[in-house]
Every structure is written in structure tokens, then in C-alpha cells.
$ cat upload-v4.csv   # CSV, C-alpha atoms and all ligand atoms
chain,number,residue,atom,x,y,z
A,1,MET,CA,3.4,-19.0,17.6
A,2,ILE,CA,0.0,-19.0,15.8
A,3,ASP,CA,-2.0,-22.1,16.5
A,4,SER,CA,-3.4,-23.2,13.1
A,5,SER,CA,-6.0,-25.3,14.9
A,6,GLN,CA,-7.8,-22.0,15.6
A,7,GLN,CA,-8.3,-21.5,11.8
A,8,ILE,CA,-11.9,-22.4,11.2
A,9,GLY,CA,-12.9,-22.6,7.5
A,10,PHE,CA,-15.9,-20.7,6.3
A,11,SER,CA,-18.1,-22.3,3.6
A,12,ASP,CA,-20.0,-19.1,2.8
A,13,TYR,CA,-19.4,-15.3,3.1
A,14,ALA,CA,-22.5,-14.7,5.2
A,15,SER,CA,-21.3,-16.8,8.1
A,16,PHE,CA,-17.8,-15.2,7.9
A,17,ASP,CA,-19.3,-11.7,7.9
A,18,GLU,CA,-21.6,-12.6,10.9
A,19,ARG,CA,-18.6,-13.9,12.9
A,20,VAL,CA,-16.5,-10.8,12.2
A,21,ARG,CA,-19.3,-8.5,13.1
A,22,HIS,CA,-19.9,-10.2,16.4
A,23,LEU,CA,-16.1,-10.2,17.2
A,24,LYS,CA,-15.7,-6.5,16.2
A,25,VAL,CA,-18.4,-5.5,18.7
A,26,LYS,CA,-17.0,-7.7,21.4
A,27,ARG,CA,-13.5,-6.4,21.0
A,28,ASP,CA,-14.4,-2.8,20.0
A,29,ALA,CA,-12.3,-3.3,16.9
A,30,ILE,CA,-12.2,-1.9,13.3
A,31,VAL,CA,-11.0,-3.8,10.3
A,32,LEU,CA,-8.9,-2.0,7.7
A,33,ALA,CA,-8.1,-3.6,4.4
A,34,HIS,CA,-5.7,-2.7,1.6
A,35,ASN,CA,-6.9,-2.7,-2.0
A,36,TYR,CA,-4.8,-5.8,-2.7
A,37,GLN,CA,-6.6,-8.0,-0.2
A,38,VAL,CA,-8.7,-11.0,-1.2
A,39,PRO,CA,-12.3,-10.1,-2.0
A,40,TRP,CA,-13.9,-11.5,1.2
A,41,ILE,CA,-11.4,-9.5,3.4
A,42,GLN,CA,-12.2,-6.3,1.4
A,43,ASP,CA,-15.9,-6.9,1.7
A,44,VAL,CA,-15.9,-7.5,5.4
A,45,ALA,CA,-13.6,-4.5,6.2
A,46,ASP,CA,-14.9,-1.3,7.7
A,47,HIS,CA,-12.6,0.6,5.4
A,48,VAL,CA,-10.7,-0.4,2.2
A,49,GLY,CA,-8.1,1.9,0.7
A,50,ASP,CA,-4.6,2.8,-0.3
A,51,SER,CA,-1.7,3.2,2.2
A,52,LEU,CA,-2.4,6.9,2.8
A,53,ALA,CA,-6.1,6.6,3.4
A,54,LEU,CA,-5.7,3.7,5.8
A,55,SER,CA,-2.9,5.4,7.8
A,56,ARG,CA,-5.2,8.4,8.3
A,57,ILE,CA,-8.0,6.2,9.5
A,58,ALA,CA,-5.7,4.4,11.8
A,59,ALA,CA,-4.6,7.7,13.3
A,60,GLU,CA,-8.1,9.0,13.8
A,61,SER,CA,-9.9,5.8,14.9
A,62,GLU,CA,-11.5,5.6,18.4
A,63,ALA,CA,-11.7,1.8,18.4
A,64,GLU,CA,-9.7,-0.1,21.0
A,65,VAL,CA,-8.3,-2.5,18.5
A,66,ILE,CA,-7.2,-1.9,14.9
A,67,VAL,CA,-7.0,-5.1,12.7
A,68,PHE,CA,-4.8,-4.3,9.7
A,69,CYS,CA,-5.4,-6.6,6.8
A,70,GLY,CA,-2.4,-5.7,4.7
A,71,VAL,CA,1.4,-6.2,5.0
A,72,HIS,CA,3.6,-5.7,8.1
A,73,PHE,CA,4.9,-2.2,7.4
A,74,MET,CA,1.3,-0.9,7.0
A,75,ALA,CA,0.3,-2.3,10.5
A,76,GLU,CA,3.5,-0.9,11.9
A,77,THR,CA,2.7,2.5,10.5
A,78,ALA,CA,-0.7,2.3,12.2
A,79,LYS,CA,1.0,1.5,15.5
A,80,ILE,CA,3.4,4.4,15.1
A,81,LEU,CA,0.4,6.7,14.7
A,82,SER,CA,-1.8,5.1,17.4
A,83,PRO,CA,0.5,3.8,20.2
A,84,LYS,CA,-2.2,3.4,22.7
A,85,LYS,CA,-4.3,1.1,20.5
A,86,GLN,CA,-3.8,-2.6,20.1
A,87,VAL,CA,-2.9,-3.1,16.4
A,88,LEU,CA,-3.3,-6.6,15.1
A,89,ILE,CA,-2.2,-8.2,11.8
A,90,PRO,CA,-3.8,-11.6,10.9
A,91,ASP,CA,-0.4,-12.9,9.7
A,92,PRO,CA,2.6,-11.2,11.1
A,93,LEU,CA,4.8,-12.9,8.5
A,94,ALA,CA,3.1,-10.9,5.7
A,95,GLY,CA,6.1,-8.9,4.6
A,96,CYS,CA,7.0,-6.8,1.6
A,97,SER,CA,9.8,-7.5,-0.9
A,98,LEU,CA,10.3,-3.7,-1.4
A,99,ALA,CA,10.5,-2.9,2.3
A,100,ASP,CA,13.1,-5.6,2.6
A,101,THR,CA,15.5,-3.9,0.2
A,102,VAL,CA,16.7,-1.4,2.8
A,103,THR,CA,17.8,-1.6,6.4
A,104,ALA,CA,18.2,1.2,9.0
A,105,GLU,CA,21.9,0.6,9.0
A,106,GLN,CA,22.1,1.2,5.2
A,107,VAL,CA,20.1,4.4,5.6
A,108,ARG,CA,22.5,5.7,8.2
A,109,ALA,CA,25.5,4.9,5.9
A,110,TRP,CA,23.8,6.6,2.9
A,111,ARG,CA,23.2,9.7,5.0
A,112,GLU,CA,26.8,9.8,6.0
A,113,GLU,CA,27.8,9.9,2.4
A,114,HIS,CA,25.4,12.9,1.8
A,115,PRO,CA,25.6,15.2,4.8
A,116,GLY,CA,22.8,17.8,4.8
A,117,ALA,CA,20.5,15.8,2.4
A,118,VAL,CA,16.8,15.4,3.0
A,119,VAL,CA,15.9,11.7,3.1
A,120,VAL,CA,12.5,10.7,1.9
A,121,ALA,CA,11.2,7.2,2.5
A,122,TYR,CA,8.3,5.6,0.8
A,123,VAL,CA,5.8,4.2,3.4
A,124,ASN,CA,6.9,0.7,2.2
A,125,THR,CA,9.7,0.6,4.8
A,126,SER,CA,10.1,-0.9,8.3
A,127,ALA,CA,9.6,1.3,11.4
A,128,ALA,CA,13.4,1.1,12.0
A,129,VAL,CA,14.0,2.7,8.6
A,130,LYS,CA,11.4,5.3,9.1
A,131,ALA,CA,13.2,6.3,12.3
A,132,GLU,CA,16.3,7.3,10.2
A,133,VAL,CA,14.6,9.5,7.7
A,134,ASP,CA,13.2,13.1,7.5
A,135,LEU,CA,9.9,12.5,5.6
A,136,CYS,CA,7.7,9.6,4.6
A,137,CYS,CA,5.4,9.5,1.6
A,138,THR,CA,3.0,7.1,-0.1
A,139,SER,CA,2.3,6.7,-3.8
A,140,SER,CA,-0.5,9.3,-3.6
A,141,ASN,CA,1.5,12.1,-2.1
A,142,ALA,CA,5.2,11.4,-3.1
A,143,VAL,CA,5.2,14.2,-5.6
A,144,GLU,CA,3.8,16.8,-3.2
A,145,ILE,CA,6.1,15.7,-0.4
A,146,VAL,CA,9.2,16.2,-2.6
A,147,ARG,CA,7.8,19.6,-3.8
A,148,SER,CA,7.6,20.7,-0.2
A,149,ILE,CA,11.4,20.4,0.2
A,150,PRO,CA,13.2,23.7,-0.4
A,151,GLU,CA,14.9,24.1,-3.8
A,152,GLY,CA,18.6,23.6,-3.6
A,153,ARG,CA,18.5,20.9,-0.9
A,154,GLU,CA,19.9,17.5,-1.9
A,155,ILE,CA,17.3,14.8,-1.8
A,156,LEU,CA,17.7,11.0,-1.2
A,157,PHE,CA,14.7,8.8,-2.0
A,158,LEU,CA,14.3,5.2,-0.9
A,159,PRO,CA,13.6,2.4,-1.4
A,160,ASP,CA,11.6,2.2,-4.7
A,161,TYR,CA,13.6,3.1,-7.8
A,162,PHE,CA,10.6,3.3,-10.2
A,163,LEU,CA,8.5,5.5,-7.9
A,164,GLY,CA,11.5,7.7,-7.2
A,165,SER,CA,12.2,8.1,-10.9
A,166,HIS,CA,8.5,9.1,-11.4
A,167,VAL,CA,8.8,11.7,-8.7
A,168,ALA,CA,12.0,13.1,-10.1
A,169,ARG,CA,10.4,13.5,-13.6
A,170,GLU,CA,7.2,15.1,-12.1
A,171,THR,CA,9.0,17.5,-9.9
A,172,GLY,CA,12.0,18.2,-12.1
A,173,ARG,CA,14.2,17.8,-9.0
A,174,GLU,CA,17.5,15.9,-9.0
A,175,ILE,CA,17.0,13.0,-6.7
A,176,ALA,CA,19.5,10.3,-5.6
A,177,LEU,CA,17.6,7.0,-5.8
A,178,TRP,CA,17.9,3.7,-3.8
A,179,MET,CA,17.8,0.8,-6.2
A,180,GLY,CA,14.9,-1.1,-4.6
A,181,GLU,CA,11.9,-2.6,-6.3
A,182,CYS,CA,8.8,-4.6,-5.6
A,183,HIS,CA,9.0,-7.9,-7.3
A,184,VAL,CA,5.3,-7.8,-8.3
A,185,HIS,CA,5.4,-4.4,-9.9
A,186,ALA,CA,8.8,-4.9,-11.5
A,187,GLY,CA,7.2,-7.8,-13.3
A,188,ILE,CA,4.7,-5.5,-15.1
A,189,THR,CA,7.2,-4.7,-17.8
A,190,PRO,CA,7.3,-2.3,-20.8
A,191,VAL,CA,7.0,-5.3,-23.2
A,192,THR,CA,3.8,-6.6,-21.4
A,193,LEU,CA,2.4,-3.1,-21.4
A,194,ARG,CA,3.0,-2.6,-25.1
A,195,THR,CA,1.5,-6.0,-26.0
A,196,ARG,CA,-1.7,-5.3,-24.0
A,197,LEU,CA,-2.0,-1.8,-25.5
A,198,ALA,CA,-1.7,-3.2,-29.0
A,199,GLU,CA,-4.6,-5.6,-28.2
A,200,GLN,CA,-6.8,-2.8,-26.6
A,201,PRO,CA,-5.7,0.4,-28.4
A,202,GLU,CA,-8.8,2.4,-27.1
A,203,ALA,CA,-8.4,1.4,-23.5
A,204,GLN,CA,-7.9,3.7,-20.5
A,205,LEU,CA,-4.6,2.9,-18.7
A,206,LEU,CA,-4.1,3.0,-15.0
A,207,VAL,CA,-0.5,2.5,-13.9
A,208,HIS,CA,0.9,2.3,-10.3
A,209,PRO,CA,4.1,4.3,-10.1
A,210,GLU,CA,6.0,1.3,-8.6
A,211,CYS,CA,5.6,-0.5,-12.0
A,212,GLY,CA,8.5,-1.5,-14.2
A,213,CYS,CA,6.5,-0.1,-17.1
A,214,THR,CA,5.9,3.4,-15.7
A,215,SER,CA,8.8,4.9,-17.8
A,216,ALA,CA,7.5,3.1,-20.9
A,217,ALA,CA,4.0,4.5,-20.3
A,218,LEU,CA,5.4,8.0,-20.0
A,219,TYR,CA,7.6,7.5,-23.1
A,220,LEU,CA,4.5,6.4,-25.1
A,221,LEU,CA,2.7,9.4,-23.8
A,222,GLY,CA,5.5,11.7,-24.8
A,223,ALA,CA,5.7,10.1,-28.3
A,224,GLY,CA,1.9,10.7,-28.8
A,225,GLU,CA,1.2,6.9,-28.8
A,226,LEU,CA,-1.0,7.2,-25.7
A,227,PRO,CA,-3.4,10.1,-25.2
A,228,ALA,CA,-2.9,12.0,-21.9
A,229,GLU,CA,-6.6,11.9,-21.0
A,230,ARG,CA,-6.5,8.1,-21.1
A,231,THR,CA,-3.3,7.5,-19.1
A,232,HIS,CA,-3.0,7.8,-15.4
A,233,ILE,CA,0.0,7.1,-13.2
A,234,VAL,CA,-1.6,7.0,-9.7
A,235,SER,CA,-2.0,5.2,-6.4
A,236,THR,CA,-4.4,2.4,-5.9
A,237,GLY,CA,-6.9,4.7,-4.2
A,238,SER,CA,-6.9,7.2,-7.1
A,239,MET,CA,-7.4,4.2,-9.5
A,240,VAL,CA,-10.8,3.6,-7.8
A,241,ASP,CA,-11.7,7.3,-8.2
A,242,LEU,CA,-10.8,7.2,-11.9
A,243,ALA,CA,-12.8,3.9,-12.4
A,244,ARG,CA,-16.0,5.7,-11.3
A,245,ALA,CA,-15.5,8.1,-14.2
A,246,ALA,CA,-14.6,5.4,-16.8
A,247,GLY,CA,-18.2,4.9,-18.2
A,248,ASP,CA,-18.6,1.6,-20.0
A,249,GLY,CA,-15.2,1.5,-21.5
A,250,HIS,CA,-12.2,-0.9,-21.3
A,251,VAL,CA,-9.6,-0.2,-18.6
A,252,LEU,CA,-6.1,-1.8,-18.5
A,253,VAL,CA,-4.8,-1.9,-14.9
A,254,ALA,CA,-1.1,-2.1,-14.2
A,255,THR,CA,-0.8,-3.1,-10.5
A,256,GLU,CA,-1.5,-6.0,-8.2
A,257,THR,CA,-4.6,-7.8,-9.4
A,258,GLY,CA,-6.5,-7.5,-6.0
A,259,ILE,CA,-7.5,-3.9,-6.9
A,260,ILE,CA,-9.8,-5.2,-9.7
A,261,HIS,CA,-12.4,-6.2,-7.0
A,262,GLN,CA,-12.7,-2.6,-5.9
A,263,LEU,CA,-12.6,-1.2,-9.5
A,264,LYS,CA,-15.5,-3.5,-10.5
A,265,ALA,CA,-17.5,-2.5,-7.4
A,266,ALA,CA,-16.8,1.2,-8.2
A,267,ASN,CA,-18.0,0.8,-11.8
A,268,PRO,CA,-19.8,-2.4,-12.8
A,269,ARG,CA,-20.3,-1.1,-16.4
A,270,ALA,CA,-16.7,-0.9,-17.4
A,271,THR,CA,-14.4,-3.8,-18.2
A,272,PHE,CA,-11.2,-4.0,-16.1
A,273,GLU,CA,-8.3,-6.1,-17.2
A,274,ALA,CA,-4.9,-6.7,-15.5
A,275,VAL,CA,-2.0,-5.7,-17.7
A,276,ASN,CA,-0.2,-8.7,-16.1
A,277,PRO,CA,-2.7,-11.2,-14.6
A,278,ARG,CA,0.2,-12.9,-12.7
A,279,ALA,CA,0.9,-9.7,-10.8
A,280,VAL,CA,-0.2,-11.2,-7.4
A,281,CYS,CA,1.4,-10.2,-4.1
A,282,GLN,CA,1.7,-13.4,-2.2
A,283,TYR,CA,2.3,-11.4,1.0
A,284,MET,CA,-1.0,-9.6,0.7
A,285,LYS,CA,-2.7,-12.9,0.1
A,286,MET,CA,-1.3,-14.4,3.3
A,287,ILE,CA,-4.2,-12.6,5.1
A,288,THR,CA,-7.1,-15.1,4.9
A,289,PRO,CA,-10.7,-15.0,6.4
A,290,GLU,CA,-9.7,-17.7,8.9
A,291,LYS,CA,-6.6,-15.8,10.1
A,292,LEU,CA,-8.7,-12.6,10.5
A,293,VAL,CA,-11.2,-14.4,12.7
A,294,ALA,CA,-8.4,-16.1,14.7
A,295,ALA,CA,-6.7,-12.7,15.3
A,296,LEU,CA,-10.0,-11.2,16.6
A,297,GLU,CA,-10.7,-14.2,18.7
A,298,PHE,CA,-7.4,-14.2,20.6
A,299,GLU,CA,-8.0,-12.2,23.7
A,300,GLY,CA,-5.3,-13.2,26.1
A,301,PRO,CA,-2.1,-11.4,26.8
A,302,ASN,CA,0.8,-11.6,24.3
A,303,SER,CA,-1.3,-12.0,21.3
A,304,PRO,CA,0.8,-13.5,18.4
A,305,TYR,CA,-1.0,-11.1,16.1
A,306,GLU,CA,-0.1,-7.9,17.9
A,307,ILE,CA,2.2,-5.4,16.3
A,308,THR,CA,4.8,-3.8,18.6
A,309,VAL,CA,7.2,-1.0,17.8
A,310,GLU,CA,9.9,-0.1,20.3
A,311,GLU,CA,9.1,3.3,21.8
A,312,SER,CA,12.4,5.0,20.9
A,313,ILE,CA,12.0,3.9,17.3
A,314,ARG,CA,8.4,4.9,17.3
A,315,GLN,CA,9.2,8.4,18.5
A,316,ARG,CA,11.9,8.9,16.0
A,317,ALA,CA,9.7,7.7,13.1
A,318,LEU,CA,6.6,9.7,14.2
A,319,ALA,CA,7.5,13.1,12.7
A,320,ALA,CA,8.2,11.7,9.3
A,321,VAL,CA,5.0,9.7,9.3
A,322,GLU,CA,2.9,12.6,10.6
A,323,ALA,CA,4.3,14.7,7.7
A,324,MET,CA,3.1,12.0,5.4
A,325,ILE,CA,-0.5,11.9,6.6
A,326,ALA,CA,-0.7,15.7,6.5
A,327,VAL,CA,-0.2,16.0,2.8
A,328,GLY,CA,-2.5,15.0,-0.1
A,329,THR,CA,-6.1,14.1,-0.7
A,330,PRO,CA,-7.4,11.0,1.0
A,331,SER,CA,-8.6,8.3,-1.4
A,332,LEU,CA,-10.8,5.9,0.4
A,333,THR,CA,-12.2,3.2,-1.9
A,334,GLY,CA,-14.8,1.1,0.0
A,335,GLU,CA,-16.7,1.1,3.3
B,1,LIG,P1,-0.8,2.2,-2.5
B,1,LIG,O1,-0.5,3.2,-1.4
B,1,LIG,O2,-1.0,2.9,-3.9
B,1,LIG,O3,-2.1,1.5,-2.2
B,1,LIG,O4,0.3,1.2,-2.7
B,1,LIG,C1,0.8,0.4,-1.7
B,1,LIG,C2,1.6,-0.8,-2.1
B,1,LIG,O5,2.2,-1.6,-1.4
B,1,LIG,C3,1.8,-0.9,-3.5
B,1,LIG,O6,2.4,-2.1,-3.8
B,2,LIG,FE1,5.2,-4.9,-1.1
B,2,LIG,FE2,5.0,-5.2,-3.8
B,2,LIG,FE3,3.4,-6.6,-2.2
B,2,LIG,FE4,3.1,-3.9,-2.4
B,2,LIG,S1,2.8,-5.5,-4.0
B,2,LIG,S2,3.1,-5.1,-0.5
B,2,LIG,S3,5.2,-3.3,-2.7
B,2,LIG,S4,5.6,-6.8,-2.3

$ encode --input "upload-v4.csv" --output "C-alpha cells"
Amino acid sequence: MIDSSQQIGFSDYASFDERVRHLKVKRDAIVLAHNYQVPWIQDVADHVGDSLALSRIAAESEAEVIVFCGVHFMAETAKILSPKKQVLIPDPLAGCSLADTVTAEQVRAWREEHPGAVVVAYVNTSAAVKAEVDLCCTSSNAVEIVRSIPEGREILFLPDYFLGSHVARETGREIALWMGECHVHAGITPVTLRTRLAEQPEAQLLVHPECGCTSAALYLLGAGELPAERTHIVSTGSMVDLARAAGDGHVLVATETGIIHQLKAANPRATFEAVNPRAVCQYMKMITPEKLVAALEFEGPNSPYEITVEESIRQRALAAVEAMIAVGTPSLTGE
């Protein structure tokens, strides 16, 4: 159990930053933060990025301790790649509604119905699910991972229906899709997108492929209602790369709102606006400055913040995760 009396409030960023710096040196730790984290966590982190970039850093890091400020499956992925490191998450209950839509048992049953199929899992899955699949991917390399599968092989993709549909369209491959969704991205609907575009017809549009509005964006693109050079369906890391090139224009952003902090830092001249300002992942926001400090301060055995993955599961998941980090260009957003 986590002792909440350890959670000391910080009245200013400078004292929080100083405390984290001191503890990082003491513990030989690095802090990784996903683009959806609260601003103070993003600012204090050694690296901020999307799932792919952070997994790669976790795999290469020489630090003794990796503190993963993100959700549980991300910290588990770091542990799969770095079994000798201590991997901590400031709140082990920070889950993911999308990862929760599929269990290892369900994957085994799906495989049995499709003998010989190649099973591709989005990184937003538990370690137990990763142990049952052939390949993992993130939103930045899902298309390339599926393209690497020989033509003619049956493909099963899980758990995100919207990302899987996007990959099927991009690759032209027939893919059987699991019907999972992220409640935050499913809430960014075609109606919301159309309304915001009508208000800002000249805006650039950045859409995460998990969004419920991805198909609508592509439809509008195909119908000539959205110009191709202003519409991008990309991972959070690629959104930051595109923000740098956005000049002083208006940019509509269809993903979790935490990314806006990185987009503004990448380009202070542009105006970034969330397509749905209520698209907030409550799991990502469970990581607070106080919990990060508490995780770094706990030095005894059996840390309640420590991520463990059973060795037989880790070994079975490793090949799929290694295939994931080997493909695609890293997109690191902040240091
Ligand atoms: P990215 O890999 O694009 O950062 O996405 C991760 C995620 O959880 C999206 O909800
Ligand atoms: Fe999971 Fe959705 Fe939160 Fe991403 S935004 S961590 S997919 S619940």
C-alpha cells in the first residue's frame, strides 16, 4: 500500500524540480514522461515522448532506476525491455481503458479460431497479452509493422478498432480487428471534428489514429473538404515534430489535451486548440508531482511503486516488443 502521508505538496515548481534532481542523483534514476502527463511532470522529466520513443530510451538507459510517468502498460513495457533495472511508476493504479478491453485468455481463444494468423498487438496491452502475440506496435509504427508481414498471411490486430482500421486503410491489407477502444479518443467524434473545422476552416489538423473521428477526417480528406497538406493522422511524438513546422497558424489537435503543453513548447508562435477540450485521460493524470517524489524517496525493499513482470511472461513478450522498438523513426519531444 502507498502511504499517502508521504505525499508532500509543492507550492512552486522550483522546489519540486530541486527535490527531483536531488533524488535522481541519489538513486541513479531517470524520469520518463508521456506526452499526456501534467505540465510539471513533463517539465521535470529527463525525456518526454510517445510510447515508441520512451520504450527505446528505457531499453537503452544505463540508470539503475527508471521512473515511468505514464500508465501501467508503459512501465511494464520498460520492465520487459530492461529486466535488470528497477522500474517504478508513481501510481501503480494508473491503468488504461483500452488495454483493459482484452485479456490473455481472449487472445488465446481468438488465435485458436484463426490458426496460422499473425497476431499484432498495440503497445496499449498488458504484459500477459503481449506474451500471446507475434508482434507489437505503437501508433508511430503500426503501419510499418503490418507492412512487414508477408502478403497472404492472415492478420489479427488488437485491441484498438480505430487504429486497426487506419492501418488496414493505409496498408490495403485485410485485417481482423478486435473491437476495443480508448474512452478518451472515442469521445473525439466525427460531429465534434466537423464543428471545430467549420469554426476554423484554415486550421492544420493533427489527429491521433485512436480517435473516433479518424475515419471522418479521412472521409473529409477524400471528399476534398480537407487539404492533404494540412491533415495529419499521427502519433503524439509526430504531432510535436509537425508543430515545429506550423509557423504562426492555428492548429486543431485531436488527442488527449496533455499534448498541448509540448506543442506550445515546440512552437510558441502557433495557436493550438483541442478538438475536444474534455478529452482528458484520468489515468495519465493520476501521476502527480507528490507521487513522483514519493516513488523516488521510497528506498526500502518491496517498493509499492515497483513494476514486476513474471519472468516466463516477460520472456514470451520480449520478441514482440523487440520487434516493435526496431521499426520506425523515434519521435522524442522534450528533454
Ligand atoms: P502515443 O504512442 O502516440 O503517444 O499514444 C499512446 C497512447 O496511449 C495514446 O492514447
Ligand atoms: Fe489508455 Fe486512452 Fe489513456 Fe491512452 S488516453 S492511456 S489509450 S485510456

$ closest_residue --input "upload-v4.csv" --among "A:Val123, A:Leu98, A:Ala223, A:Ala217" --to "Leu135 of chain A" --atoms "all atoms listed in the file"
A:Val123

$ closest_residue --input "upload-v4.csv" --among "A:Val31, A:Val240, A:Val71, A:Glu113" --to "Ala94 of chain A" --atoms "all atoms listed in the file"
A:Val71

$ residues_near_ligand --input "upload-v4.csv" --ligand "ligand LIG 1 (chain B)" --cutoff "7 Å" --atoms "all atoms listed in the file" --output "PyMOL selection string"
chain A and resi 34-35+49-52+124+138-140+208+210+235-237

$ residues_near_ligand --input "upload-v4.csv" --ligand "ligand LIG 2 (chain B)" --cutoff "9 Å" --atoms "only C-alpha atoms and all ligand atoms" --output "PyMOL selection string"
chain A and resi 36+70-74+94-100+124+160+181-186+210+255-256+279-284

$ closest_residue --input "upload-v4.csv" --among "A:Thr171, A:Glu60, A:Gln42, A:Lys285" --to "Ala265 of chain A" --atoms "only C-alpha atoms"
A:Gln42

$ atom_distance --input "upload-v4.csv" --atom1 "atom CA of Gln204 of chain A" --atom2 "atom CA of Leu263 of chain A"
12.9 Å

$ residues_around --input "upload-v4.csv" --residues "Ala295 of chain A" --least-positions-apart "2" --cutoff "9 Å" --atoms "all atoms listed in the file" --output "list in words"
Val67, Leu88, Ile89, Pro90, Asp91, Glu290, Lys291, Leu292, Val293, Glu297, Phe298, Glu299, Ser303, Pro304, Tyr305 and Glu306 of chain A

$ closest_residue --input "upload-v4.csv" --among "A:Val129, A:Cys136, A:Val167, A:Val87" --to "Glu105 of chain A" --atoms "all atoms listed in the file"
A:Val129

$ closest_residue --input "upload-v4.csv" --among "A:Glu202, A:Ile325, A:Glu311, A:Trp40" --to "Ala14 of chain A" --atoms "only C-alpha atoms"
A:Trp40

$ closest_residue --input "upload-v4.csv" --among "A:Glu273, A:Lys26, A:Ala121, A:Pro209" --to "Trp178 of chain A" --atoms "all atoms listed in the file"
A:Ala121

$ atom_distance --input "upload-v4.csv" --atom1 "atom CA of Gly258 of chain A" --atom2 "atom CA of Arg244 of chain A"
17.1 Å

$ residues_around --input "upload-v4.csv" --residues "segment 82-86 of chain A" --least-positions-apart "3" --cutoff "8 Å" --atoms "only C-alpha atoms" --output "list in words"
Ala58, Ala59, Ala63, Glu64, Val65, Ile66, Ala78, Lys79, Glu306 and Ile307 of chain A

$ decode --input "upload-v4.csv" --residues "segment 45-101 of chain A" --atoms "C-alpha atoms" --output "mmCIF file, in the first residue's frame"
data_model
loop_
_atom_site.group_PDB
_atom_site.id
_atom_site.type_symbol
_atom_site.label_atom_id
_atom_site.label_comp_id
_atom_site.auth_asym_id
_atom_site.auth_seq_id
_atom_site.Cartn_x
_atom_site.Cartn_y
_atom_site.Cartn_z
ATOM 1 C CA ALA A 45 11.339 14.637 -16.808
ATOM 2 C CA ASP A 46 14.642 13.720 -18.466
ATOM 3 C CA HIS A 47 12.739 12.653 -21.578
ATOM 4 C CA VAL A 48 9.197 13.320 -22.790
ATOM 5 C CA GLY A 49 7.800 11.433 -25.747
ATOM 6 C CA ASP A 50 5.398 8.974 -27.302
ATOM 7 C CA SER A 51 5.203 5.270 -26.456
ATOM 8 C CA LEU A 52 7.815 4.229 -29.009
ATOM 9 C CA ALA A 53 10.429 6.834 -28.072
ATOM 10 C CA LEU A 54 10.059 6.151 -24.346
ATOM 11 C CA SER A 55 10.283 2.367 -24.823
ATOM 12 C CA ARG A 56 13.532 2.834 -26.735
ATOM 13 C CA ILE A 57 15.022 5.071 -24.054
ATOM 14 C CA ALA A 58 14.007 2.584 -21.367
ATOM 15 C CA ALA A 59 15.761 -0.187 -23.323
ATOM 16 C CA GLU A 60 18.990 1.819 -23.709
ATOM 17 C CA SER A 61 19.182 3.610 -20.381
ATOM 18 C CA GLU A 62 22.153 2.940 -18.104
ATOM 19 C CA ALA A 63 20.429 4.338 -14.994
ATOM 20 C CA GLU A 64 19.748 1.934 -12.101
ATOM 21 C CA VAL A 65 16.170 3.120 -11.727
ATOM 22 C CA ILE A 66 13.626 4.103 -14.395
ATOM 23 C CA VAL A 67 10.665 6.118 -13.132
ATOM 24 C CA PHE A 68 7.915 5.878 -15.712
ATOM 25 C CA CYS A 69 5.408 8.723 -15.546
ATOM 26 C CA GLY A 70 2.696 7.257 -17.720
ATOM 27 C CA VAL A 71 0.245 4.393 -17.428
ATOM 28 C CA HIS A 72 0.852 0.854 -16.207
ATOM 29 C CA PHE A 73 1.345 -0.894 -19.585
ATOM 30 C CA MET A 74 4.070 1.631 -20.494
ATOM 31 C CA ALA A 75 6.034 0.917 -17.313
ATOM 32 C CA GLU A 76 5.542 -2.833 -17.883
ATOM 33 C CA THR A 77 6.949 -2.476 -21.396
ATOM 34 C CA ALA A 78 10.024 -0.771 -19.911
ATOM 35 C CA LYS A 79 10.421 -3.697 -17.486
ATOM 36 C CA ILE A 80 10.102 -6.250 -20.312
ATOM 37 C CA LEU A 81 12.965 -4.480 -22.101
ATOM 38 C CA SER A 82 15.086 -3.770 -19.012
ATOM 39 C CA PRO A 83 14.609 -6.655 -16.571
ATOM 40 C CA LYS A 84 17.701 -5.822 -14.507
ATOM 41 C CA LYS A 85 16.569 -2.252 -13.829
ATOM 42 C CA GLN A 86 14.212 -1.212 -11.094
ATOM 43 C CA VAL A 87 11.187 0.247 -12.904
ATOM 44 C CA LEU A 88 8.905 2.457 -10.820
ATOM 45 C CA ILE A 89 5.534 4.024 -11.563
ATOM 46 C CA PRO A 90 4.376 6.808 -9.238
ATOM 47 C CA ASP A 91 0.844 5.341 -9.149
ATOM 48 C CA PRO A 92 0.552 1.622 -9.961
ATOM 49 C CA LEU A 93 -3.226 2.014 -10.341
ATOM 50 C CA ALA A 94 -2.806 4.261 -13.396
ATOM 51 C CA GLY A 95 -4.386 1.881 -15.916
ATOM 52 C CA CYS A 96 -5.704 2.213 -19.473
ATOM 53 C CA SER A 97 -9.304 1.627 -20.586
ATOM 54 C CA LEU A 98 -8.055 0.403 -23.969
ATOM 55 C CA ALA A 99 -5.577 -2.126 -22.515
ATOM 56 C CA ASP A 100 -8.411 -3.410 -20.306
ATOM 57 C CA THR A 101 -10.516 -4.432 -23.329
#
